[in-house]
file coords_3.cif (mmCIF, C-alpha atoms)
data_final
loop_
_atom_site.label_atom_id
_atom_site.label_comp_id
_atom_site.auth_asym_id
_atom_site.auth_seq_id
_atom_site.Cartn_x
_atom_site.Cartn_y
_atom_site.Cartn_z
CA MET L 1 35.60 21.61 6.90
CA SER L 2 37.71 24.59 7.94
CA TRP L 3 39.88 24.54 11.06
CA TYR L 4 37.88 27.24 12.85
CA SER L 5 34.65 25.30 12.26
CA LEU L 6 36.31 22.25 13.77
CA LEU L 7 37.54 24.32 16.71
CA ALA L 8 34.05 25.72 17.35
CA ILE L 9 32.49 22.26 17.17
CA TYR L 10 35.15 20.85 19.52
CA PHE L 11 34.41 23.68 21.97
CA LEU L 12 30.71 22.74 21.90
CA PHE L 13 31.57 19.09 22.54
CA TRP L 14 33.90 20.14 25.37
CA VAL L 15 31.33 22.33 27.16
CA PHE L 16 28.58 19.71 26.80
CA THR L 17 30.91 17.02 28.14
CA LEU L 18 31.92 19.22 31.08
CA PHE L 19 28.30 19.30 32.24
CA LEU L 20 28.13 15.51 31.86
CA VAL L 21 31.35 14.93 33.83
CA LEU L 22 30.79 17.38 36.71
CA PRO L 23 28.44 15.27 38.88
CA TYR L 24 30.53 12.07 38.79
CA GLY L 25 32.61 11.25 41.85
CA VAL L 26 31.28 14.13 43.92
CA LYS L 27 30.38 13.36 47.54
CA THR L 28 28.46 15.50 50.00
CA SER L 29 29.72 16.29 53.48
CA ALA L 30 27.26 13.77 54.93
CA GLU L 31 28.62 11.01 52.68
CA VAL L 32 32.19 11.82 53.73
CA GLY L 33 31.21 12.00 57.41
CA GLU L 34 32.08 15.66 57.87
CA LYS L 35 29.99 18.32 59.55
CA GLU L 36 28.18 20.75 57.25
CA VAL L 37 29.09 24.42 57.24
CA PRO L 38 26.21 26.59 58.56
CA GLY L 39 24.08 27.75 55.61
CA GLN L 40 25.43 25.03 53.32
CA ALA L 41 22.95 23.13 51.17
CA PRO L 42 22.84 19.44 52.11
CA SER L 43 23.53 18.55 48.47
CA ALA L 44 26.64 20.74 48.18
CA PRO L 45 29.82 18.84 47.30
CA HIS L 46 32.42 18.40 50.03
CA THR L 47 35.38 18.86 47.69
CA VAL L 48 35.74 18.96 43.93
CA SER L 49 38.95 18.29 42.03
CA MET L 50 38.56 20.59 39.04
CA PRO L 51 41.88 19.70 37.35
CA ARG L 52 40.75 16.08 37.34
CA LYS L 53 37.31 17.04 35.99
CA LEU L 54 38.91 19.14 33.24
CA LEU L 55 41.21 16.26 32.27
CA TRP L 56 38.28 13.82 32.03
CA THR L 57 36.28 16.41 30.09
CA THR L 58 39.10 16.84 27.59
CA LEU L 59 39.56 13.09 27.13
CA VAL L 60 35.86 12.26 26.73
CA SER L 61 35.13 15.25 24.48
CA GLY L 62 38.15 14.32 22.35
CA LEU L 63 36.69 10.84 21.89
CA PHE L 64 33.24 12.20 20.96
CA PHE L 65 34.77 14.80 18.64
CA GLY L 66 36.94 12.15 16.98
CA LEU L 67 33.84 10.05 16.30
CA PHE L 68 32.08 13.13 14.92
CA VAL L 69 34.95 13.91 12.52
CA LEU L 70 35.18 10.27 11.41
CA ASN L 71 31.44 10.25 10.74
CA TRP L 72 31.81 13.50 8.79
CA GLU L 73 34.57 12.04 6.63
CA MET L 74 33.21 8.50 6.24
CA GLY L 75 29.50 9.33 6.00
CA TRP L 76 28.29 6.61 8.36
CA ILE L 77 25.20 8.55 9.44
CA THR L 78 23.91 11.18 7.02
CA ARG L 79 20.88 13.42 6.83
CA ALA L 80 19.24 10.87 4.53
CA HIS L 81 19.61 8.20 7.22
CA LEU L 82 18.00 10.45 9.82
CA GLU L 83 15.16 11.42 7.49
CA ALA L 84 14.50 7.75 6.78
CA ILE L 85 13.95 6.92 10.47
CA THR L 86 11.88 9.97 11.43
CA PRO L 87 8.27 10.35 10.41
CA SER L 88 7.67 13.12 7.90
CA VAL L 89 5.55 15.98 9.14
CA ASP L 90 3.63 18.10 6.67
CA LEU L 91 3.46 21.59 8.14
CA ALA L 92 0.98 22.73 5.47
CA GLU L 93 -1.74 20.51 6.97
CA SER L 94 -1.51 22.13 10.43
#
call {"tool": "encode", "arguments": {"input": "coords_3.cif", "output": "structure tokens"}}
result
Amino acid sequence: MSWYSLLAIYFLFWVFTLFLVLPYGVKTSAEVGEKEVPGQAPSAPHTVSMPRKLLWTTLVSGLFFGLFVLNWEMGWITRAHLEAITPSVDLAES
């Protein structure tokens, strides 16, 4: 696989992981015991440490991407494996 394909796939893993990591560790003003700002949604986070979120995103996405590349090289799960576990659908009958 070429390096730019790997870079694009890593970017996809990174963005997906960012959306998984964002909600963890976030507390609302009510949970912290602070007063809400007028007009603030009750579910709005009190503070968010983005450098910390970006670090976790990079670490977790690196792990997922590493597993993806190892699977690509070693062939642990292939298309044939996935086709064997999914029922075949004949689109001509529809």
call {"tool": "resolve_selection", "arguments": {"input": "coords_3.cif", "expression": "the PyMOL selection byres ((chain L and resi 26) around 9)", "output": "VMD selection string"}}
result
chain L and resid 22 to 25 27 to 28 45 to 49
call {"tool": "atom_distance", "arguments": {"input": "coords_3.cif", "atom1": "atom CA of Gly62 of chain L", "atom2": "atom CA of Ile9 of chain L"}}
result
11.0 Å
call {"tool": "closest_residue", "arguments": {"input": "coords_3.cif", "among": "L:Trp14, L:Leu67, L:Pro42, L:Leu7", "to": "Leu55 of chain L", "atoms": "all atoms listed in the file"}}
result
L:Trp14
call {"tool": "atom_distance", "arguments": {"input": "coords_3.cif", "atom1": "atom CA of Ser2 of chain L", "atom2": "atom CA of Phe16 of chain L"}}
result
21.5 Å
call {"tool": "closest_residue", "arguments": {"input": "coords_3.cif", "among": "L:Asn71, L:Thr86, L:Ser43, L:Ser61", "to": "Phe19 of chain L", "atoms": "only C-alpha atoms"}}
result
L:Ser61
call {"tool": "resolve_selection", "arguments": {"input": "coords_3.cif", "expression": "the PyMOL selection byres ((chain L and resi 6) around 12)", "output": "list in words"}}
result
Met1, Ser2, Trp3, Tyr4, Ser5, Leu7, Ala8, Ile9, Tyr10, Phe11, Leu12, Phe13, Gly62, Phe65, Gly66, Phe68, Val69 and Trp72 of chain L
call {"tool": "write_last_selection", "arguments": {"input": "coords_3.cif", "atoms": "C-alpha atoms", "output": "CSV table (one decimal), in the frame of the given file"}}
result
chain,number,residue,atom,x,y,z
L,1,MET,CA,35.6,21.6,6.9
L,2,SER,CA,37.7,24.6,7.9
L,3,TRP,CA,39.9,24.5,11.1
L,4,TYR,CA,37.9,27.2,12.8
L,5,SER,CA,34.6,25.3,12.3
L,7,LEU,CA,37.5,24.3,16.7
L,8,ALA,CA,34.0,25.7,17.4
L,9,ILE,CA,32.5,22.3,17.2
L,10,TYR,CA,35.2,20.8,19.5
L,11,PHE,CA,34.4,23.7,22.0
L,12,LEU,CA,30.7,22.7,21.9
L,13,PHE,CA,31.6,19.1,22.5
L,62,GLY,CA,38.2,14.3,22.4
L,65,PHE,CA,34.8,14.8,18.6
L,66,GLY,CA,36.9,12.2,17.0
L,68,PHE,CA,32.1,13.1,14.9
L,69,VAL,CA,35.0,13.9,12.5
L,72,TRP,CA,31.8,13.5,8.8
call {"tool": "closest_residue", "arguments": {"input": "coords_3.cif", "among": "L:Leu63, L:Leu54, L:Val37, L:Ala30", "to": "Val15 of chain L", "atoms": "only C-alpha atoms"}}
result
L:Leu54
call {"tool": "atom_distance", "arguments": {"input": "coords_3.cif", "atom1": "atom CA of Pro87 of chain L", "atom2": "atom CA of Glu73 of chain L"}}
result
26.6 Å
call {"tool": "build_atoms", "arguments": {"input": "coords_3.cif", "residues": "segment 23-49 of chain L", "atoms": "N, CA and C atoms", "output": "mmCIF file, in the coordinates of the input"}}
result
data_model
loop_
_atom_site.group_PDB
_atom_site.id
_atom_site.type_symbol
_atom_site.label_atom_id
_atom_site.label_comp_id
_atom_site.auth_asym_id
_atom_site.auth_seq_id
_atom_site.Cartn_x
_atom_site.Cartn_y
_atom_site.Cartn_z
ATOM 1 N N PRO L 23 29.031 15.941 37.709
ATOM 2 C CA PRO L 23 28.440 15.270 38.880
ATOM 3 C C PRO L 23 29.113 13.959 39.296
ATOM 4 N N TYR L 24 29.940 13.365 38.456
ATOM 5 C CA TYR L 24 30.530 12.070 38.790
ATOM 6 C C TYR L 24 31.635 12.188 39.828
ATOM 7 N N GLY L 25 31.573 11.310 40.827
ATOM 8 C CA GLY L 25 32.610 11.250 41.850
ATOM 9 C C GLY L 25 32.501 12.306 42.927
ATOM 10 N N VAL L 26 31.440 13.075 42.928
ATOM 11 C CA VAL L 26 31.280 14.130 43.920
ATOM 12 C C VAL L 26 30.519 13.563 45.112
ATOM 13 N N LYS L 27 31.022 13.833 46.314
ATOM 14 C CA LYS L 27 30.380 13.360 47.540
ATOM 15 C C LYS L 27 30.023 14.560 48.415
ATOM 16 N N THR L 28 28.888 14.447 49.078
ATOM 17 C CA THR L 28 28.460 15.500 50.000
ATOM 18 C C THR L 28 29.200 15.354 51.329
ATOM 19 N N SER L 29 29.082 16.358 52.167
ATOM 20 C CA SER L 29 29.720 16.290 53.480
ATOM 21 C C SER L 29 29.168 15.138 54.306
ATOM 22 N N ALA L 30 27.874 14.873 54.187
ATOM 23 C CA ALA L 30 27.260 13.770 54.930
ATOM 24 C C ALA L 30 27.824 12.424 54.481
ATOM 25 N N GLU L 31 28.072 12.264 53.189
ATOM 26 C CA GLU L 31 28.620 11.010 52.680
ATOM 27 C C GLU L 31 30.065 10.803 53.123
ATOM 28 N N VAL L 32 30.793 11.901 53.295
ATOM 29 C CA VAL L 32 32.190 11.820 53.730
ATOM 30 C C VAL L 32 32.272 11.665 55.239
ATOM 31 N N GLY L 33 31.216 12.078 55.955
ATOM 32 C CA GLY L 33 31.210 12.000 57.410
ATOM 33 C C GLY L 33 31.658 13.283 58.075
ATOM 34 N N GLU L 34 31.691 14.362 57.338
ATOM 35 C CA GLU L 34 32.080 15.660 57.870
ATOM 36 C C GLU L 34 30.849 16.457 58.280
ATOM 37 N N LYS L 35 31.072 17.441 59.117
ATOM 38 C CA LYS L 35 29.990 18.320 59.550
ATOM 39 C C LYS L 35 29.776 19.395 58.489
ATOM 40 N N GLU L 36 28.496 19.719 58.234
ATOM 41 C CA GLU L 36 28.180 20.750 57.250
ATOM 42 C C GLU L 36 28.485 22.137 57.796
ATOM 43 N N VAL L 37 28.863 23.023 56.904
ATOM 44 C CA VAL L 37 29.090 24.420 57.240
ATOM 45 C C VAL L 37 27.716 25.070 57.404
ATOM 46 N N PRO L 38 27.516 25.942 58.408
ATOM 47 C CA PRO L 38 26.210 26.590 58.560
ATOM 48 C C PRO L 38 25.815 27.347 57.283
ATOM 49 N N GLY L 39 24.578 27.121 56.829
ATOM 50 C CA GLY L 39 24.080 27.750 55.610
ATOM 51 C C GLY L 39 24.359 26.957 54.356
ATOM 52 N N GLN L 40 25.084 25.866 54.488
ATOM 53 C CA GLN L 40 25.430 25.030 53.320
ATOM 54 C C GLN L 40 24.239 24.164 52.942
ATOM 55 N N ALA L 41 23.999 24.033 51.649
ATOM 56 C CA ALA L 41 22.950 23.130 51.170
ATOM 57 C C ALA L 41 23.383 21.692 51.433
ATOM 58 N N PRO L 42 22.459 20.839 51.844
ATOM 59 C CA PRO L 42 22.840 19.440 52.110
ATOM 60 C C PRO L 42 23.402 18.726 50.881
ATOM 61 N N SER L 43 23.047 19.195 49.698
ATOM 62 C CA SER L 43 23.530 18.550 48.470
ATOM 63 C C SER L 43 24.840 19.130 47.952
ATOM 64 N N ALA L 44 25.402 20.108 48.635
ATOM 65 C CA ALA L 44 26.640 20.740 48.180
ATOM 66 C C ALA L 44 27.805 19.756 48.266
ATOM 67 N N PRO L 45 28.685 19.761 47.263
ATOM 68 C CA PRO L 45 29.820 18.840 47.300
ATOM 69 C C PRO L 45 30.805 19.205 48.408
ATOM 70 N N HIS L 46 31.425 18.171 48.984
ATOM 71 C CA HIS L 46 32.420 18.400 50.030
ATOM 72 C C HIS L 46 33.692 19.005 49.446
ATOM 73 N N THR L 47 34.238 18.340 48.445
ATOM 74 C CA THR L 47 35.380 18.860 47.690
ATOM 75 C C THR L 47 35.221 18.448 46.231
ATOM 76 N N VAL L 48 35.774 19.263 45.363
ATOM 77 C CA VAL L 48 35.740 18.960 43.930
ATOM 78 C C VAL L 48 37.144 19.168 43.372
ATOM 79 N N SER L 49 37.644 18.188 42.661
ATOM 80 C CA SER L 49 38.950 18.290 42.030
ATOM 81 C C SER L 49 38.766 18.751 40.581
#
